[in-house]
Structures are given as structure tokens and as C-alpha cells.
Amino acid sequence: MSINNEILNCIHERRSTRRFTDKQISSEQLDAIFDAAIWAPSGGNSQSWLFTAIQKKEVLLHLNELVREGFQHWIPDDDYPGKLAIKEHSQKEGYNFYREAPTLIIASNRPNYENAMADCAMALQNIFLAAQSLGLGSCYNNQLHWLRADPSVRAYLLELGIPKEHTICSSAVIGFIGAESTAPIRKEGTIHIIR
């Protein structure tokens, strides 16, 4: 890469973190991460998303139990390997969908809005880059999206303040890095330029 700047370096250095320390992120760090999220673009500038942070350990553990139970009767709607692996992992003792990160951020949006998922994904990318710039680890998380229609999971998320009118688009886990991840090799043939 011939151009070198702070943002491009942040993009290249960020990795998905799958092991975190117990240390909670600061309120200032969380505020900065949320600020990055709400400055993401959204279709028609709708800004119809909601970002919910959970940092209370008891709440995270209870949600984890509901997710684990939900996966016991969940049937994947396609053969995406990640879904099949999660279903299998959820059977094991010690399964933790949020990777024991101290902060879980849930991105929800209006289900009848065509750009709901795209808007939340762009905001999550901002979250990941902000976390990286603050020396924090992060990882994209699909489990709550896959279980968005599970009655027990959905009822608990409603209790936590996520509106029943919203669908769960995705989530992010954030915290201090417990183990570094290596950079995967970039695949060839994924760029096509017409000049």
C-alpha cells in the first residue's frame, strides 16, 4: 500500500478479538464508541437505529443462558458453516456467545426498513474502528440476529429496553484484548477495476 495514514493503518491493524480480559472499558471509551456509531451514514439519513450497551455481568450471563437454550431448538435456514458451528458449540459446557467480553453492544432497527441491516453494519464498522483507535478489541456477533425471533430472547431484550418494533440486526463485543489475533491472508481476485 503506497498511501499511509491514521485511518488506513487502523483498518489494517484491527482484528476480531475472541478473548478478552475482565477489565471493563471506561465510560469515556463507551461514549466515544457510541459517538462513532451515530456518525455512520444511514439511508435517507433516517438514523432509525438503536444501540444498546450491556455491561452488567448478571444481565450478560442471563442473556447467554437464553441464547444457549434458544440454539437448542433453532434450525438454521441455510448451510452457512458459521451457523452450523454455533449450533454445535452451544451444546458444550462453558458456551459463551459474547466471548466473555465486558461490553456487548446490540444494534437494532425497524424491520420494515430496507436499509436496516446495512445502516447498522456501517455503524458497527465505525464502532470497530473506534475501538481499535482506543486500544480495545472488538468482534462482530451474529447470534442475537439469528435468534431475533426466539420468544425468550426477544422477551428479555424487550425488558432491557429494545423496542418490540425493532429487529436485532447484529451486535458487537468490546473490551481489552486478552489474546491477539493474527491477520488472515487477503484472498486474491476480489478487486475488479474498469478504467
# chains A, B, ... in the order shown; residues from 1 in each chain; ligands from 1
$ select_by_dssp --residues "chain A" --states "strand (DSSP E or B)" --output "JSON, numbers by chain"
{"A": [16, 20, 50, 51, 52, 53, 54, 103, 104, 105, 106, 107, 108, 109, 137, 138, 139, 140, 141, 167, 168, 169, 170, 171, 172, 173, 174, 175, 177]}
$ select_by_dssp --residues "region 29-193 of chain A" --states "helix (DSSP H, G or I)" --output "NGL selection string"
:A and (29-38 or 43-45 or 57-73 or 81-89 or 116-133 or 143-146 or 151-159)
$ write_last_selection --atoms "C-alpha atoms" --output "JSON list (two decimals), in the first residue's frame"
[["chain", "number", "residue", "atom", "x", "y", "z"],
["A", 29, "GLN", "CA", -14.40, 4.99, 25.80],
["A", 30, "LEU", "CA", -18.02, 3.84, 25.53],
["A", 31, "ASP", "CA", -19.15, 7.41, 24.79],
["A", 32, "ALA", "CA", -16.52, 7.72, 22.05],
["A", 33, "ILE", "CA", -17.61, 4.40, 20.55],
["A", 34, "PHE", "CA", -21.28, 5.44, 20.55],
["A", 35, "ASP", "CA", -20.35, 8.79, 19.01],
["A", 36, "ALA", "CA", -18.59, 6.94, 16.19],
["A", 37, "ALA", "CA", -21.67, 4.75, 15.68],
["A", 38, "ILE", "CA", -24.16, 7.58, 15.32],
["A", 43, "GLY", "CA", -30.30, 5.53, 4.19],
["A", 44, "GLY", "CA", -32.08, 8.84, 3.66],
["A", 45, "ASN", "CA", -30.35, 9.99, 6.86],
["A", 57, "LYS", "CA", -22.38, -9.18, 34.17],
["A", 58, "GLU", "CA", -25.56, -10.74, 35.60],
["A", 59, "VAL", "CA", -27.56, -9.50, 32.60],
["A", 60, "LEU", "CA", -24.95, -10.82, 30.15],
["A", 61, "LEU", "CA", -24.90, -14.22, 31.86],
["A", 62, "HIS", "CA", -28.70, -14.48, 31.84],
["A", 63, "LEU", "CA", -28.84, -13.47, 28.17],
["A", 64, "ASN", "CA", -26.17, -16.08, 27.44],
["A", 65, "GLU", "CA", -28.34, -18.78, 29.03],
["A", 66, "LEU", "CA", -31.33, -17.71, 26.92],
["A", 67, "VAL", "CA", -29.18, -17.74, 23.79],
["A", 68, "ARG", "CA", -27.82, -21.18, 24.64],
["A", 69, "GLU", "CA", -31.35, -22.52, 25.20],
["A", 70, "GLY", "CA", -32.55, -20.83, 22.02],
["A", 71, "PHE", "CA", -29.93, -22.60, 19.92],
["A", 72, "GLN", "CA", -31.10, -25.99, 21.22],
["A", 73, "HIS", "CA", -34.30, -25.76, 19.15],
["A", 81, "PRO", "CA", -20.81, -23.00, 8.19],
["A", 82, "GLY", "CA", -20.83, -20.38, 10.95],
["A", 83, "LYS", "CA", -24.44, -21.19, 11.81],
["A", 84, "LEU", "CA", -23.77, -24.92, 11.92],
["A", 85, "ALA", "CA", -20.68, -24.40, 14.10],
["A", 86, "ILE", "CA", -22.53, -22.13, 16.55],
["A", 87, "LYS", "CA", -25.35, -24.65, 16.87],
["A", 88, "GLU", "CA", -22.77, -27.32, 17.76],
["A", 89, "HIS", "CA", -20.76, -25.07, 20.13],
["A", 116, "ALA", "CA", -31.92, -1.53, 8.48],
["A", 117, "MET", "CA", -29.13, -4.12, 8.27],
["A", 118, "ALA", "CA", -26.86, -2.02, 6.05],
["A", 119, "ASP", "CA", -27.17, 1.03, 8.29],
["A", 120, "CYS", "CA", -26.37, -0.98, 11.41],
["A", 121, "ALA", "CA", -23.45, -2.73, 9.69],
["A", 122, "MET", "CA", -21.91, 0.62, 8.72],
["A", 123, "ALA", "CA", -22.34, 1.87, 12.28],
["A", 124, "LEU", "CA", -20.73, -1.29, 13.64],
["A", 125, "GLN", "CA", -17.73, -0.79, 11.35],
["A", 126, "ASN", "CA", -17.36, 2.66, 12.90],
["A", 127, "ILE", "CA", -17.61, 1.02, 16.33],
["A", 128, "PHE", "CA", -14.85, -1.47, 15.46],
["A", 129, "LEU", "CA", -12.52, 1.20, 14.12],
["A", 130, "ALA", "CA", -13.18, 3.48, 17.08],
["A", 131, "ALA", "CA", -12.45, 0.58, 19.46],
["A", 132, "GLN", "CA", -9.20, -0.14, 17.61],
["A", 133, "SER", "CA", -8.15, 3.51, 17.81],
["A", 143, "GLN", "CA", -26.02, -14.90, 17.41],
["A", 144, "LEU", "CA", -28.67, -12.41, 18.56],
["A", 145, "HIS", "CA", -29.58, -11.70, 14.93],
["A", 146, "TRP", "CA", -30.04, -15.41, 14.26],
["A", 151, "PRO", "CA", -39.60, -15.74, 22.12],
["A", 152, "SER", "CA", -37.47, -15.95, 25.29],
["A", 153, "VAL", "CA", -34.54, -13.98, 23.89],
["A", 154, "ARG", "CA", -36.88, -11.37, 22.41],
["A", 155, "ALA", "CA", -38.87, -11.00, 25.63],
["A", 156, "TYR", "CA", -35.70, -10.42, 27.64],
["A", 157, "LEU", "CA", -34.39, -7.86, 25.13],
["A", 158, "LEU", "CA", -37.74, -6.06, 25.42],
["A", 159, "GLU", "CA", -37.25, -5.99, 29.21]]
$ closest_residue --among "A:Tyr95, A:Lys56, A:Leu136, A:Trp49" --to "Ser170 (chain A)" --atoms "only C-alpha atoms"
A:Trp49
$ closest_residue --among "A:Arg186, A:Arg148, A:Arg99, A:His166" --to "Ser48 (chain A)" --atoms "only C-alpha atoms"
A:His166
$ closest_residue --among "A:Leu147, A:Gly137, A:Asp77, A:Ile168" --to "Ile106 (chain A)" --atoms "only C-alpha atoms"
A:Ile168
$ atom_distance --atom1 "CA of Arg19 (chain A)" --atom2 "CA of Ile177 (chain A)"
6.5 Å
$ closest_residue --among "A:Ser181, A:Asn112, A:Thr52, A:Asn4" --to "Leu160 (chain A)" --atoms "only C-alpha atoms"
A:Thr52
$ atom_distance --atom1 "CA of Ile11 (chain A)" --atom2 "CA of Ser26 (chain A)"
22.6 Å
$ closest_residue --among "A:Lys187, A:His192, A:Pro111, A:Leu134" --to "Lys164 (chain A)" --atoms "only C-alpha atoms"
A:Pro111
